[in-house]
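Heads up, entry15.pdb below (PDB, C-alpha atoms and all ligand atoms):
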```pdb
ATOM      1  CA  MET A   1      24.272 -10.188  -8.530  1.00  0.00           C
ATOM      2  CA  LYS A   2      20.765  -8.901  -9.347  1.00  0.00           C
ATOM      3  CA  LYS A   3      19.590  -9.708 -12.848  1.00  0.00           C
ATOM      4  CA  THR A   4      18.803  -6.755 -15.131  1.00  0.00           C
ATOM      5  CA  ALA A   5      15.261  -6.996 -16.422  1.00  0.00           C
ATOM      6  CA  THR A   6      14.406  -6.873 -20.105  1.00  0.00           C
ATOM      7  CA  THR A   7      11.006  -5.282 -20.735  1.00  0.00           C
ATOM      8  CA  ASN A   8       8.741  -4.875 -23.729  1.00  0.00           C
ATOM      9  CA  TYR A   9       5.943  -2.486 -22.759  1.00  0.00           C
ATOM     10  CA  PRO A  10       4.944  -1.859 -26.414  1.00  0.00           C
ATOM     11  CA  GLY A  11       4.311  -5.621 -26.647  1.00  0.00           C
ATOM     12  CA  HIS A  12       0.885  -4.943 -25.111  1.00  0.00           C
ATOM     13  CA  GLU A  13      -0.214  -3.793 -28.576  1.00  0.00           C
ATOM     14  CA  ASP A  14      -0.314  -7.369 -29.927  1.00  0.00           C
ATOM     15  CA  LEU A  15      -2.318  -8.493 -26.908  1.00  0.00           C
ATOM     16  CA  TYR A  16      -4.966  -5.844 -27.620  1.00  0.00           C
ATOM     17  CA  VAL A  17      -5.099  -6.728 -31.315  1.00  0.00           C
ATOM     18  CA  ARG A  18      -5.840 -10.334 -30.313  1.00  0.00           C
ATOM     19  CA  ARG A  19      -8.461  -9.281 -27.761  1.00  0.00           C
ATOM     20  CA  ARG A  20     -10.225  -7.150 -30.393  1.00  0.00           C
ATOM     21  CA  GLU A  21     -10.141 -10.027 -32.873  1.00  0.00           C
ATOM     22  CA  ARG A  22     -11.791 -12.389 -30.441  1.00  0.00           C
ATOM     23  CA  GLY A  23     -14.556  -9.899 -29.587  1.00  0.00           C
ATOM     24  CA  ALA A  24     -13.514  -9.083 -26.005  1.00  0.00           C
ATOM     25  CA  SER A  25     -14.756  -5.886 -24.380  1.00  0.00           C
ATOM     26  CA  GLY A  26     -11.340  -4.749 -23.174  1.00  0.00           C
ATOM     27  CA  TRP A  27      -8.365  -6.148 -21.308  1.00  0.00           C
ATOM     28  CA  ASP A  28     -10.484  -8.037 -18.795  1.00  0.00           C
ATOM     29  CA  THR A  29     -13.822  -9.776 -18.915  1.00  0.00           C
ATOM     30  CA  ASP A  30     -16.870  -7.709 -17.951  1.00  0.00           C
ATOM     31  CA  ALA A  31     -17.038  -9.649 -14.667  1.00  0.00           C
ATOM     32  CA  VAL A  32     -13.451  -8.770 -13.721  1.00  0.00           C
ATOM     33  CA  THR A  33     -13.940  -5.142 -14.783  1.00  0.00           C
ATOM     34  CA  HIS A  34     -17.015  -5.052 -12.527  1.00  0.00           C
ATOM     35  CA  GLU A  35     -14.904  -6.363  -9.616  1.00  0.00           C
ATOM     36  CA  ASN A  36     -12.275  -3.729 -10.308  1.00  0.00           C
ATOM     37  CA  ILE A  37     -14.880  -0.958 -10.339  1.00  0.00           C
ATOM     38  CA  GLU A  38     -16.190  -2.217  -6.989  1.00  0.00           C
ATOM     39  CA  ALA A  39     -12.606  -2.038  -5.674  1.00  0.00           C
ATOM     40  CA  ILE A  40     -12.326   1.553  -6.967  1.00  0.00           C
ATOM     41  CA  LYS A  41     -15.613   2.489  -5.234  1.00  0.00           C
ATOM     42  CA  HIS A  42     -14.243   0.936  -2.038  1.00  0.00           C
ATOM     43  CA  LEU A  43     -11.059   3.019  -2.286  1.00  0.00           C
ATOM     44  CA  LEU A  44     -13.014   6.200  -3.045  1.00  0.00           C
ATOM     45  CA  SER A  45     -15.064   5.535   0.103  1.00  0.00           C
ATOM     46  CA  LYS A  46     -11.781   5.679   2.053  1.00  0.00           C
ATOM     47  CA  CYS A  47     -11.023   9.204   0.755  1.00  0.00           C
ATOM     48  CA  ASP A  48     -12.464  12.371   2.258  1.00  0.00           C
ATOM     49  CA  PRO A  49     -15.452  13.350   0.137  1.00  0.00           C
ATOM     50  CA  GLN A  50     -14.307  15.637  -2.650  1.00  0.00           C
ATOM     51  CA  PRO A  51     -16.016  16.959  -5.748  1.00  0.00           C
ATOM     52  CA  ALA A  52     -15.317  15.013  -8.927  1.00  0.00           C
ATOM     53  CA  GLY A  53     -12.418  16.853 -10.558  1.00  0.00           C
ATOM     54  CA  ALA A  54      -9.845  15.890 -13.186  1.00  0.00           C
ATOM     55  CA  MET A  55      -8.568  12.301 -13.133  1.00  0.00           C
ATOM     56  CA  LEU A  56      -5.990  10.325 -15.101  1.00  0.00           C
ATOM     57  CA  GLU A  57      -5.845   6.559 -15.498  1.00  0.00           C
ATOM     58  CA  LEU A  58      -2.325   5.246 -16.144  1.00  0.00           C
ATOM     59  CA  GLY A  59      -2.483   2.244 -18.494  1.00  0.00           C
ATOM     60  CA  CYS A  60      -6.168   2.783 -19.226  1.00  0.00           C
ATOM     61  CA  GLY A  61      -6.416   0.103 -21.912  1.00  0.00           C
ATOM     62  CA  ALA A  62      -9.804   0.243 -23.636  1.00  0.00           C
ATOM     63  CA  GLY A  63     -11.086   2.759 -21.087  1.00  0.00           C
ATOM     64  CA  ASN A  64     -13.316   0.347 -19.146  1.00  0.00           C
ATOM     65  CA  LEU A  65     -12.332   1.786 -15.746  1.00  0.00           C
ATOM     66  CA  THR A  66     -11.838   5.375 -16.933  1.00  0.00           C
ATOM     67  CA  SER A  67     -15.458   5.317 -18.148  1.00  0.00           C
ATOM     68  CA  TYR A  68     -16.680   4.724 -14.598  1.00  0.00           C
ATOM     69  CA  PHE A  69     -15.138   8.051 -13.592  1.00  0.00           C
ATOM     70  CA  ALA A  70     -16.606   9.921 -16.567  1.00  0.00           C
ATOM     71  CA  GLN A  71     -20.031   8.444 -15.790  1.00  0.00           C
ATOM     72  CA  THR A  72     -19.787   9.726 -12.230  1.00  0.00           C
ATOM     73  CA  GLY A  73     -18.912  13.301 -13.188  1.00  0.00           C
ATOM     74  CA  TRP A  74     -15.119  13.280 -13.376  1.00  0.00           C
ATOM     75  CA  LYS A  75     -13.220  14.948 -16.206  1.00  0.00           C
ATOM     76  CA  ALA A  76     -11.612  11.692 -17.255  1.00  0.00           C
ATOM     77  CA  HIS A  77      -8.292  11.178 -19.028  1.00  0.00           C
ATOM     78  CA  GLY A  78      -6.482   7.959 -19.909  1.00  0.00           C
ATOM     79  CA  LEU A  79      -3.068   7.039 -21.269  1.00  0.00           C
ATOM     80  CA  ASP A  80      -1.925   3.732 -22.704  1.00  0.00           C
ATOM     81  CA  ILE A  81       1.041   2.486 -24.696  1.00  0.00           C
ATOM     82  CA  SER A  82      -1.174   0.493 -27.072  1.00  0.00           C
ATOM     83  CA  GLY A  83      -2.628   2.414 -30.027  1.00  0.00           C
ATOM     84  CA  THR A  84      -5.269  -0.276 -30.488  1.00  0.00           C
ATOM     85  CA  ALA A  85      -6.345   0.113 -26.854  1.00  0.00           C
ATOM     86  CA  ILE A  86      -6.657   3.887 -27.255  1.00  0.00           C
ATOM     87  CA  THR A  87      -8.686   3.541 -30.472  1.00  0.00           C
ATOM     88  CA  TRP A  88     -10.941   1.158 -28.568  1.00  0.00           C
ATOM     89  CA  ALA A  89     -11.199   3.591 -25.625  1.00  0.00           C
ATOM     90  CA  ARG A  90     -12.139   6.462 -27.959  1.00  0.00           C
ATOM     91  CA  GLU A  91     -14.799   4.262 -29.562  1.00  0.00           C
ATOM     92  CA  ARG A  92     -16.119   3.440 -26.089  1.00  0.00           C
ATOM     93  CA  ALA A  93     -16.298   7.168 -25.225  1.00  0.00           C
ATOM     94  CA  ALA A  94     -18.226   7.872 -28.440  1.00  0.00           C
ATOM     95  CA  ALA A  95     -20.599   4.931 -27.901  1.00  0.00           C
ATOM     96  CA  LEU A  96     -21.333   6.038 -24.338  1.00  0.00           C
ATOM     97  CA  GLY A  97     -21.605   9.704 -25.354  1.00  0.00           C
ATOM     98  CA  LEU A  98     -18.963  10.623 -22.759  1.00  0.00           C
ATOM     99  CA  ALA A  99     -16.284  13.295 -23.166  1.00  0.00           C
ATOM    100  CA  MET A 100     -13.060  11.506 -22.245  1.00  0.00           C
ATOM    101  CA  ASP A 101      -9.526  12.326 -23.312  1.00  0.00           C
ATOM    102  CA  PHE A 102      -7.467   9.288 -24.327  1.00  0.00           C
ATOM    103  CA  ARG A 103      -3.797   9.518 -25.343  1.00  0.00           C
ATOM    104  CA  ILE A 104      -1.209   7.055 -26.614  1.00  0.00           C
ATOM    105  CA  GLY A 105       1.937   7.194 -24.513  1.00  0.00           C
ATOM    106  CA  ASN A 106       4.244   5.650 -21.967  1.00  0.00           C
ATOM    107  CA  VAL A 107       3.409   6.060 -18.284  1.00  0.00           C
ATOM    108  CA  LEU A 108       7.122   6.670 -17.670  1.00  0.00           C
ATOM    109  CA  ASN A 109       6.848  10.043 -19.429  1.00  0.00           C
ATOM    110  CA  LEU A 110       3.776  12.171 -18.741  1.00  0.00           C
ATOM    111  CA  ASP A 111       5.313  15.357 -20.212  1.00  0.00           C
ATOM    112  CA  ILE A 112       2.131  16.162 -22.134  1.00  0.00           C
ATOM    113  CA  TRP A 113       0.655  17.220 -18.784  1.00  0.00           C
ATOM    114  CA  PRO A 114       2.119  19.947 -16.573  1.00  0.00           C
ATOM    115  CA  GLU A 115       2.628  19.335 -12.877  1.00  0.00           C
ATOM    116  CA  ASP A 116      -0.374  19.576 -10.537  1.00  0.00           C
ATOM    117  CA  THR A 117      -2.906  18.751 -13.284  1.00  0.00           C
ATOM    118  CA  PHE A 118      -5.021  16.002 -11.718  1.00  0.00           C
ATOM    119  CA  ASP A 119      -7.104  15.589  -8.565  1.00  0.00           C
ATOM    120  CA  LEU A 120      -6.866  11.822  -8.842  1.00  0.00           C
ATOM    121  CA  VAL A 121      -4.470   9.402 -10.546  1.00  0.00           C
ATOM    122  CA  LEU A 122      -5.573   5.790 -10.944  1.00  0.00           C
ATOM    123  CA  ASP A 123      -3.395   2.758 -11.405  1.00  0.00           C
ATOM    124  CA  GLY A 124      -5.863   0.145 -12.585  1.00  0.00           C
ATOM    125  CA  HIS A 125      -3.412  -2.773 -12.856  1.00  0.00           C
ATOM    126  CA  CYS A 126      -0.713  -1.037 -14.888  1.00  0.00           C
ATOM    127  CA  LEU A 127       1.866  -0.771 -12.088  1.00  0.00           C
ATOM    128  CA  HIS A 128       2.402  -4.524 -11.956  1.00  0.00           C
ATOM    129  CA  CYS A 129       3.425  -4.335 -15.653  1.00  0.00           C
ATOM    130  CA  ILE A 130       6.229  -1.897 -14.762  1.00  0.00           C
ATOM    131  CA  ILE A 131       9.519  -3.502 -13.814  1.00  0.00           C
ATOM    132  CA  GLY A 132      12.595  -2.634 -11.760  1.00  0.00           C
ATOM    133  CA  GLN A 133      13.867   0.951 -11.745  1.00  0.00           C
ATOM    134  CA  ASP A 134      11.089   1.991 -14.150  1.00  0.00           C
ATOM    135  CA  ARG A 135       8.770   1.790 -11.144  1.00  0.00           C
ATOM    136  CA  VAL A 136      10.602   4.725  -9.531  1.00  0.00           C
ATOM    137  CA  ARG A 137       9.937   6.761 -12.672  1.00  0.00           C
ATOM    138  CA  PHE A 138       6.280   5.608 -12.706  1.00  0.00           C
ATOM    139  CA  PHE A 139       5.720   7.038  -9.236  1.00  0.00           C
ATOM    140  CA  GLN A 140       7.737  10.215  -9.913  1.00  0.00           C
ATOM    141  CA  GLU A 141       5.560  11.005 -12.906  1.00  0.00           C
ATOM    142  CA  ALA A 142       2.328  10.166 -11.080  1.00  0.00           C
ATOM    143  CA  ARG A 143       3.419  12.391  -8.189  1.00  0.00           C
ATOM    144  CA  ARG A 144       4.357  15.236 -10.567  1.00  0.00           C
ATOM    145  CA  VAL A 145       0.986  15.464 -12.316  1.00  0.00           C
ATOM    146  CA  LEU A 146      -1.040  14.998  -9.104  1.00  0.00           C
ATOM    147  CA  ARG A 147      -2.191  18.123  -7.255  1.00  0.00           C
ATOM    148  CA  PRO A 148      -0.977  18.513  -3.648  1.00  0.00           C
ATOM    149  CA  ALA A 149      -4.453  17.708  -2.298  1.00  0.00           C
ATOM    150  CA  GLY A 150      -4.984  14.903  -4.817  1.00  0.00           C
ATOM    151  CA  LYS A 151      -5.223  11.156  -4.300  1.00  0.00           C
ATOM    152  CA  MET A 152      -3.553   8.224  -5.996  1.00  0.00           C
ATOM    153  CA  LEU A 153      -5.537   4.983  -6.126  1.00  0.00           C
ATOM    154  CA  ILE A 154      -3.606   1.773  -6.771  1.00  0.00           C
ATOM    155  CA  LEU A 155      -5.006  -1.637  -7.702  1.00  0.00           C
ATOM    156  CA  THR A 156      -2.087  -3.970  -8.255  1.00  0.00           C
ATOM    157  CA  MET A 157      -1.345  -7.679  -8.166  1.00  0.00           C
ATOM    158  CA  ALA A 158       0.886  -8.617  -5.252  1.00  0.00           C
ATOM    159  CA  GLY A 159       2.137 -11.499  -3.174  1.00  0.00           C
ATOM    160  CA  ASP A 160       3.066 -15.057  -3.988  1.00  0.00           C
ATOM    161  CA  ALA A 161       2.775 -15.805  -7.692  1.00  0.00           C
ATOM    162  CA  SER A 162       4.686 -19.076  -7.641  1.00  0.00           C
ATOM    163  CA  ARG A 163       1.559 -21.227  -7.910  1.00  0.00           C
ATOM    164  CA  VAL A 164      -0.370 -19.052 -10.344  1.00  0.00           C
ATOM    165  CA  PRO A 165      -0.573 -20.540 -13.844  1.00  0.00           C
ATOM    166  CA  MET A 166       0.767 -17.977 -16.278  1.00  0.00           C
ATOM    167  CA  GLY A 167       1.723 -17.668 -19.902  1.00  0.00           C
ATOM    168  CA  GLY A 168       5.414 -17.773 -19.083  1.00  0.00           C
ATOM    169  CA  CYS A 169       7.228 -18.774 -15.930  1.00  0.00           C
ATOM    170  CA  TYR A 170       7.732 -17.211 -12.533  1.00  0.00           C
ATOM    171  CA  ASP A 171      11.228 -16.133 -11.486  1.00  0.00           C
ATOM    172  CA  PRO A 172      11.359 -16.142  -7.676  1.00  0.00           C
ATOM    173  CA  GLU A 173      14.583 -14.091  -7.626  1.00  0.00           C
ATOM    174  CA  THR A 174      13.065 -11.044  -9.329  1.00  0.00           C
ATOM    175  CA  ARG A 175       9.418 -11.903  -8.436  1.00  0.00           C
ATOM    176  CA  CYS A 176       8.617 -11.382 -12.125  1.00  0.00           C
ATOM    177  CA  GLN A 177       6.670 -13.320 -14.710  1.00  0.00           C
ATOM    178  CA  LEU A 178       9.012 -14.074 -17.610  1.00  0.00           C
ATOM    179  CA  VAL A 179       7.785 -14.650 -21.159  1.00  0.00           C
ATOM    180  CA  ASP A 180      10.571 -15.548 -23.613  1.00  0.00           C
ATOM    181  CA  GLY A 181      13.091 -13.899 -21.274  1.00  0.00           C
ATOM    182  CA  ILE A 182      11.059 -10.667 -21.000  1.00  0.00           C
ATOM    183  CA  SER A 183       9.798  -9.511 -17.595  1.00  0.00           C
ATOM    184  CA  THR A 184       6.105  -8.822 -18.075  1.00  0.00           C
ATOM    185  CA  ARG A 185       4.682  -8.623 -14.508  1.00  0.00           C
ATOM    186  CA  TYR A 186       6.089  -7.901 -11.067  1.00  0.00           C
ATOM    187  CA  PHE A 187       4.449  -9.426  -8.004  1.00  0.00           C
ATOM    188  CA  GLY A 188       5.909  -7.537  -5.045  1.00  0.00           C
ATOM    189  CA  GLU A 189       5.115  -8.178  -1.414  1.00  0.00           C
ATOM    190  CA  ALA A 190       2.523  -5.750  -0.055  1.00  0.00           C
ATOM    191  CA  GLY A 191       5.032  -4.165   2.337  1.00  0.00           C
ATOM    192  CA  ALA A 192       7.604  -3.654  -0.420  1.00  0.00           C
ATOM    193  CA  ILE A 193       5.041  -1.962  -2.672  1.00  0.00           C
ATOM    194  CA  SER A 194       3.826   0.397   0.046  1.00  0.00           C
ATOM    195  CA  HIS A 195       7.488   1.318   0.711  1.00  0.00           C
ATOM    196  CA  GLU A 196       7.896   2.173  -2.974  1.00  0.00           C
ATOM    197  CA  VAL A 197       4.855   4.443  -2.690  1.00  0.00           C
ATOM    198  CA  GLU A 198       6.248   6.162   0.408  1.00  0.00           C
ATOM    199  CA  ASN A 199       9.747   6.502  -1.073  1.00  0.00           C
ATOM    200  CA  ALA A 200       8.179   8.296  -4.038  1.00  0.00           C
ATOM    201  CA  GLY A 201       6.872  11.085  -1.798  1.00  0.00           C
ATOM    202  CA  PHE A 202       3.441   9.765  -0.888  1.00  0.00           C
ATOM    203  CA  VAL A 203       1.755   8.983   2.394  1.00  0.00           C
ATOM    204  CA  VAL A 204      -0.183   5.706   2.357  1.00  0.00           C
ATOM    205  CA  ASP A 205      -3.632   6.636   3.726  1.00  0.00           C
ATOM    206  CA  TYR A 206      -5.162   3.188   3.344  1.00  0.00           C
ATOM    207  CA  GLN A 207      -4.091  -0.228   2.179  1.00  0.00           C
ATOM    208  CA  GLU A 208      -5.722  -3.622   1.988  1.00  0.00           C
ATOM    209  CA  LEU A 209      -4.560  -6.953   0.621  1.00  0.00           C
ATOM    210  CA  VAL A 210      -7.486  -8.729  -1.034  1.00  0.00           C
ATOM    211  CA  ALA A 211      -7.203 -12.499  -1.408  1.00  0.00           C
ATOM    212  CA  ARG A 212      -7.047 -13.709  -4.981  1.00  0.00           C
ATOM    213  CA  ARG A 213     -10.385 -13.907  -6.702  1.00  0.00           C
ATOM    214  CA  HIS A 214      -9.495 -16.286  -9.539  1.00  0.00           C
ATOM    215  CA  GLU A 215      -7.108 -19.219 -10.058  1.00  0.00           C
ATOM    216  CA  THR A 216      -5.170 -17.258 -12.646  1.00  0.00           C
ATOM    217  CA  GLU A 217      -4.215 -14.325 -10.469  1.00  0.00           C
ATOM    218  CA  THR A 218      -2.440 -13.395  -7.254  1.00  0.00           C
ATOM    219  CA  ASP A 219      -3.734 -11.397  -4.325  1.00  0.00           C
ATOM    220  CA  HIS A 220      -4.530  -7.744  -5.022  1.00  0.00           C
ATOM    221  CA  LEU A 221      -3.120  -4.827  -3.129  1.00  0.00           C
ATOM    222  CA  LEU A 222      -5.389  -1.786  -2.873  1.00  0.00           C
ATOM    223  CA  ILE A 223      -3.843   1.537  -1.835  1.00  0.00           C
ATOM    224  CA  VAL A 224      -4.995   5.124  -1.377  1.00  0.00           C
ATOM    225  CA  ALA A 225      -2.031   7.510  -1.210  1.00  0.00           C
ATOM    226  CA  SER A 226      -1.641  11.291  -0.844  1.00  0.00           C
ATOM    227  CA  PRO A 227       1.333  13.451  -1.797  1.00  0.00           C
ATOM    228  CA  GLN A 228       3.508  14.224   1.228  1.00  0.00           C
ATOM    229  CA  THR A 229       3.294  17.888   2.128  1.00  0.00           C
ATOM    230  CA  GLY A 230       5.832  20.124   3.880  1.00  0.00           C
TER     231      GLY A 230
HETATM  232  C1  LIG B 301      -3.730  -5.251 -16.964  1.00  0.00           C
HETATM  233  S1  LIG B 301      -3.986  -4.057 -18.246  1.00  0.00           S
HETATM  234  C2  LIG B 301      -5.256  -3.042 -17.507  1.00  0.00           C
HETATM  235  C3  LIG B 301      -5.968  -2.137 -18.487  1.00  0.00           C
HETATM  236  C4  LIG B 301      -7.075  -1.267 -17.886  1.00  0.00           C
HETATM  237  N1  LIG B 301      -6.599  -0.524 -16.759  1.00  0.00           N
HETATM  238  C5  LIG B 301      -8.281  -2.085 -17.521  1.00  0.00           C
HETATM  239  O1  LIG B 301      -8.465  -2.382 -16.333  1.00  0.00           O
HETATM  240  O2  LIG B 301      -9.022  -2.484 -18.426  1.00  0.00           O
HETATM  241  C6  LIG B 301      -2.501  -3.055 -18.094  1.00  0.00           C
HETATM  242  C7  LIG B 301      -2.442  -1.919 -19.077  1.00  0.00           C
HETATM  243  O3  LIG B 301      -1.230  -1.174 -18.894  1.00  0.00           O
HETATM  244  C8  LIG B 301      -0.747  -0.802 -20.181  1.00  0.00           C
HETATM  245  N2  LIG B 301       0.679  -0.546 -20.084  1.00  0.00           N
HETATM  246  C9  LIG B 301       1.660  -1.420 -19.729  1.00  0.00           C
HETATM  247  N3  LIG B 301       2.855  -0.798 -19.720  1.00  0.00           N
HETATM  248  C10 LIG B 301       2.633   0.491 -20.068  1.00  0.00           C
HETATM  249  C11 LIG B 301       3.470   1.622 -20.222  1.00  0.00           C
HETATM  250  N4  LIG B 301       4.788   1.559 -20.013  1.00  0.00           N
HETATM  251  N5  LIG B 301       2.911   2.804 -20.577  1.00  0.00           N
HETATM  252  C12 LIG B 301       1.569   2.890 -20.809  1.00  0.00           C
HETATM  253  N6  LIG B 301       0.720   1.836 -20.669  1.00  0.00           N
HETATM  254  C13 LIG B 301       1.248   0.657 -20.303  1.00  0.00           C
HETATM  255  C14 LIG B 301      -1.093  -1.976 -21.073  1.00  0.00           C
HETATM  256  O4  LIG B 301      -1.107  -1.655 -22.435  1.00  0.00           O
HETATM  257  C15 LIG B 301      -2.472  -2.364 -20.524  1.00  0.00           C
HETATM  258  O5  LIG B 301      -3.488  -1.657 -21.172  1.00  0.00           O
END
```
Go ahead and render the structure in this file as structure tokens.
Amino acid sequence: MKKTATTNYPGHEDLYVRRRERGASGWDTDAVTHENIEAIKHLLSKCDPQPAGAMLELGCGAGNLTSYFAQTGWKAHGLDISGTAITWARERAAALGLAMDFRIGNVLNLDIWPEDTFDLVLDGHCLHCIIGQDRVRFFQEARRVLRPAGKMLILTMAGDASRVPMGGCYDPETRCQLVDGISTRYFGEAGAISHEVENAGFVVDYQELVARRHETETDHLLIVASPQTG
């Protein structure tokens, strides 16, 4: 019988409080954020050229990736479950003099935005925090707020996590990282993740599995997806 996962998405708040206390610049180091922005540029290069419109980052943290979009002309929005992260993101927007809209909330409920609001939805490493059936809801909500001609960009950890050192332990049955019995990360196979995307009503336009960059992480799956039409 499949185990039922216990999750604690609001638990990210404590992790942000600790990052702020130790003087970090966001969830990741500046070097990793730079790598993630390069990955985003790579994915954008795989999309047909389109004017910068309205974009939403799901699980935007301190706004490090959202800021890249605002700096390149997008009307940038971000949502995160951590209040500390959103305070940090708003401070970043003010410091950079950029108009960005950051909201506290759960990616499983995007009701504050009507359908067809965004030209681009970004998953910048939030999806791998979402576990089990919640992932269906994640994609449903992303699909709902994305315009028919919009694009979804996904940067997510994937593949074999059994040898990656992590704060908890790896459960090969569920492919999740467990910390005190709570599933905190899901490391799906690339094919399984692209099926999830397709089952949610998207067409996968492009996908690439990038070999792990650091000892402490898995491979990364990069996806560009479009809403299915017709
Ligand atoms: C790996 S961090 C990446 C943060 C940010 N995208 C960046 O690159 O700096 C994952 C983010 O997802 C957020 N998150 C996890 N579960 C969430 C949920 N259910 N709803 C909203 N945000 C969530 C976390 O708080 C965290 O900020």
One-decimal distance in Å that lies between atom C10 of ligand LIG 301 (chain B) and CA of Ala158 (chain A):
17.5 Å
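Based on only C-alpha atoms and all ligand atoms, the protein and nucleic acid residues found within 6 Å of ligand LIG 301 (chain B) are, by chain and then by number, Tyr9, His12, Gly26, Trp27, Asp28, Gly59, Cys60, Gly61, Ala62, Asn64, Leu65, Asp80, Ile81, Ser82, Gly105, Asn106, Val107, Gly124, His125, Cys126 and Cys129 of chain A.
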Restricted to C-alpha atoms, what would the selected residues look like written as a PDB file, in the frame of the given file?
```pdb
ATOM      1  CA  TYR A   9       5.943  -2.486 -22.759  1.00  0.00           C
ATOM      2  CA  HIS A  12       0.885  -4.943 -25.111  1.00  0.00           C
ATOM      3  CA  GLY A  26     -11.340  -4.749 -23.174  1.00  0.00           C
ATOM      4  CA  TRP A  27      -8.365  -6.148 -21.308  1.00  0.00           C
ATOM      5  CA  ASP A  28     -10.484  -8.037 -18.795  1.00  0.00           C
ATOM      6  CA  GLY A  59      -2.483   2.244 -18.494  1.00  0.00           C
ATOM      7  CA  CYS A  60      -6.168   2.783 -19.226  1.00  0.00           C
ATOM      8  CA  GLY A  61      -6.416   0.103 -21.912  1.00  0.00           C
ATOM      9  CA  ALA A  62      -9.804   0.243 -23.636  1.00  0.00           C
ATOM     10  CA  ASN A  64     -13.316   0.347 -19.146  1.00  0.00           C
ATOM     11  CA  LEU A  65     -12.332   1.786 -15.746  1.00  0.00           C
ATOM     12  CA  ASP A  80      -1.925   3.732 -22.704  1.00  0.00           C
ATOM     13  CA  ILE A  81       1.041   2.486 -24.696  1.00  0.00           C
ATOM     14  CA  SER A  82      -1.174   0.493 -27.072  1.00  0.00           C
ATOM     15  CA  GLY A 105       1.937   7.194 -24.513  1.00  0.00           C
ATOM     16  CA  ASN A 106       4.244   5.650 -21.967  1.00  0.00           C
ATOM     17  CA  VAL A 107       3.409   6.060 -18.284  1.00  0.00           C
ATOM     18  CA  GLY A 124      -5.863   0.145 -12.585  1.00  0.00           C
ATOM     19  CA  HIS A 125      -3.412  -2.773 -12.856  1.00  0.00           C
ATOM     20  CA  CYS A 126      -0.713  -1.037 -14.888  1.00  0.00           C
ATOM     21  CA  CYS A 129       3.425  -4.335 -15.653  1.00  0.00           C
TER      22      CYS A 129
END
```
Selection result for the PyMOL selection byres (((chain A and resi 152) around 10) and not hetatm) on this file, as a list in words
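Answer for the PyMOL selection byres (((chain A and resi 152) around 10) and not hetatm): Leu43, Met55, Leu56, Glu57, Phe118, Asp119, Leu120, Val121, Leu122, Asp123, Phe139, Ala142, Arg143, Leu146, Gly150, Lys151, Leu153, Ile154, Val197, Phe202, Val203, Val204, Asp205, Ile223, Val224, Ala225, Ser226 and Pro227 of chain A.
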If you measure from CA of Met100 (chain A) to CA of Trp88 (chain A), what distance in Å do you get, rounded to one decimal?
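Computing the Euclidean distance for CA of Met100 (chain A) and CA of Trp88 (chain A) yields 12.3 Å.
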Give as a compact mmCIF listing (two decimals) with C-alpha atoms, keeping the file's coordinate frame the residues that the PyMOL selection byres (((chain A and resi 163-176) around 10) and not hetatm) matches when applied to the coordinates above.
```
# COMPACT_ATOMS: atom_id res chain seq x y z
CA LYS A 2 20.76 -8.90 -9.35
CA LYS A 3 19.59 -9.71 -12.85
CA THR A 4 18.80 -6.76 -15.13
CA ALA A 5 15.26 -7.00 -16.42
CA HIS A 128 2.40 -4.52 -11.96
CA CYS A 129 3.42 -4.34 -15.65
CA ILE A 131 9.52 -3.50 -13.81
CA GLY A 132 12.60 -2.63 -11.76
CA ALA A 158 0.89 -8.62 -5.25
CA GLY A 159 2.14 -11.50 -3.17
CA ASP A 160 3.07 -15.06 -3.99
CA ALA A 161 2.78 -15.80 -7.69
CA SER A 162 4.69 -19.08 -7.64
CA GLN A 177 6.67 -13.32 -14.71
CA LEU A 178 9.01 -14.07 -17.61
CA VAL A 179 7.78 -14.65 -21.16
CA ASP A 180 10.57 -15.55 -23.61
CA GLY A 181 13.09 -13.90 -21.27
CA ILE A 182 11.06 -10.67 -21.00
CA SER A 183 9.80 -9.51 -17.60
CA THR A 184 6.10 -8.82 -18.08
CA ARG A 185 4.68 -8.62 -14.51
CA TYR A 186 6.09 -7.90 -11.07
CA PHE A 187 4.45 -9.43 -8.00
CA GLY A 188 5.91 -7.54 -5.04
CA GLU A 189 5.12 -8.18 -1.41
CA HIS A 214 -9.49 -16.29 -9.54
CA GLU A 215 -7.11 -19.22 -10.06
CA THR A 216 -5.17 -17.26 -12.65
CA GLU A 217 -4.22 -14.32 -10.47
CA THR A 218 -2.44 -13.40 -7.25
```
Selection near region 96-98 of chain A, 12 Å with all atoms listed in the file, sequence-local residues under 3 positions removed, as a list in words
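Here the qualifying residues turn out to be Gly63, Asn64, Thr66, Ser67, Tyr68, Phe69, Ala70, Gln71, Thr72, Gly73, Trp74, Lys75, Ala76, His77, Ala89, Arg90, Glu91, Arg92, Ala93, Asp101 and Phe102 of chain A.
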At a cut-off of 9 Å, using all atoms listed in the file, what residues contact Val136 (chain A)? Leave out same-chain residues fewer than 2 positions from it and give the result as a PyMOL selection string.
chain A and resi 132-134+138-141+196-197+199-200
Interatomic distance between CA of Gly230 (chain A) and CA of Val145 (chain A)?
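Taking CA of Gly230 (chain A) as the start and CA of Val145 (chain A) as the end point, the length is 17.5 Å.
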Show me, as AutoDock Vina command-line options, the centre and edge lengths in Å to one decimal of the axis-aligned box that covers every listed atom of region 194-198 of chain A with 8 Å on each side.
```
--center_x 5.9 --center_y 3.3 --center_z -1.1 --size_x 20.1 --size_y 21.8 --size_z 19.7
```
Here is a test: counting only C-alpha atoms, which residue of A:Asn109, A:Gln207, A:Ser25, A:Thr6 is nearest to Ala39 (chain A)?
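Nearest candidate to Ala39 (chain A) out of A:Asn109, A:Gln207, A:Ser25, A:Thr6: A:Gln207.
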Residue nearest Leu222 (chain A) among A:Ala54, A:Leu44, A:Ile104, A:Ala99 (counting only C-alpha atoms)
A:Leu44
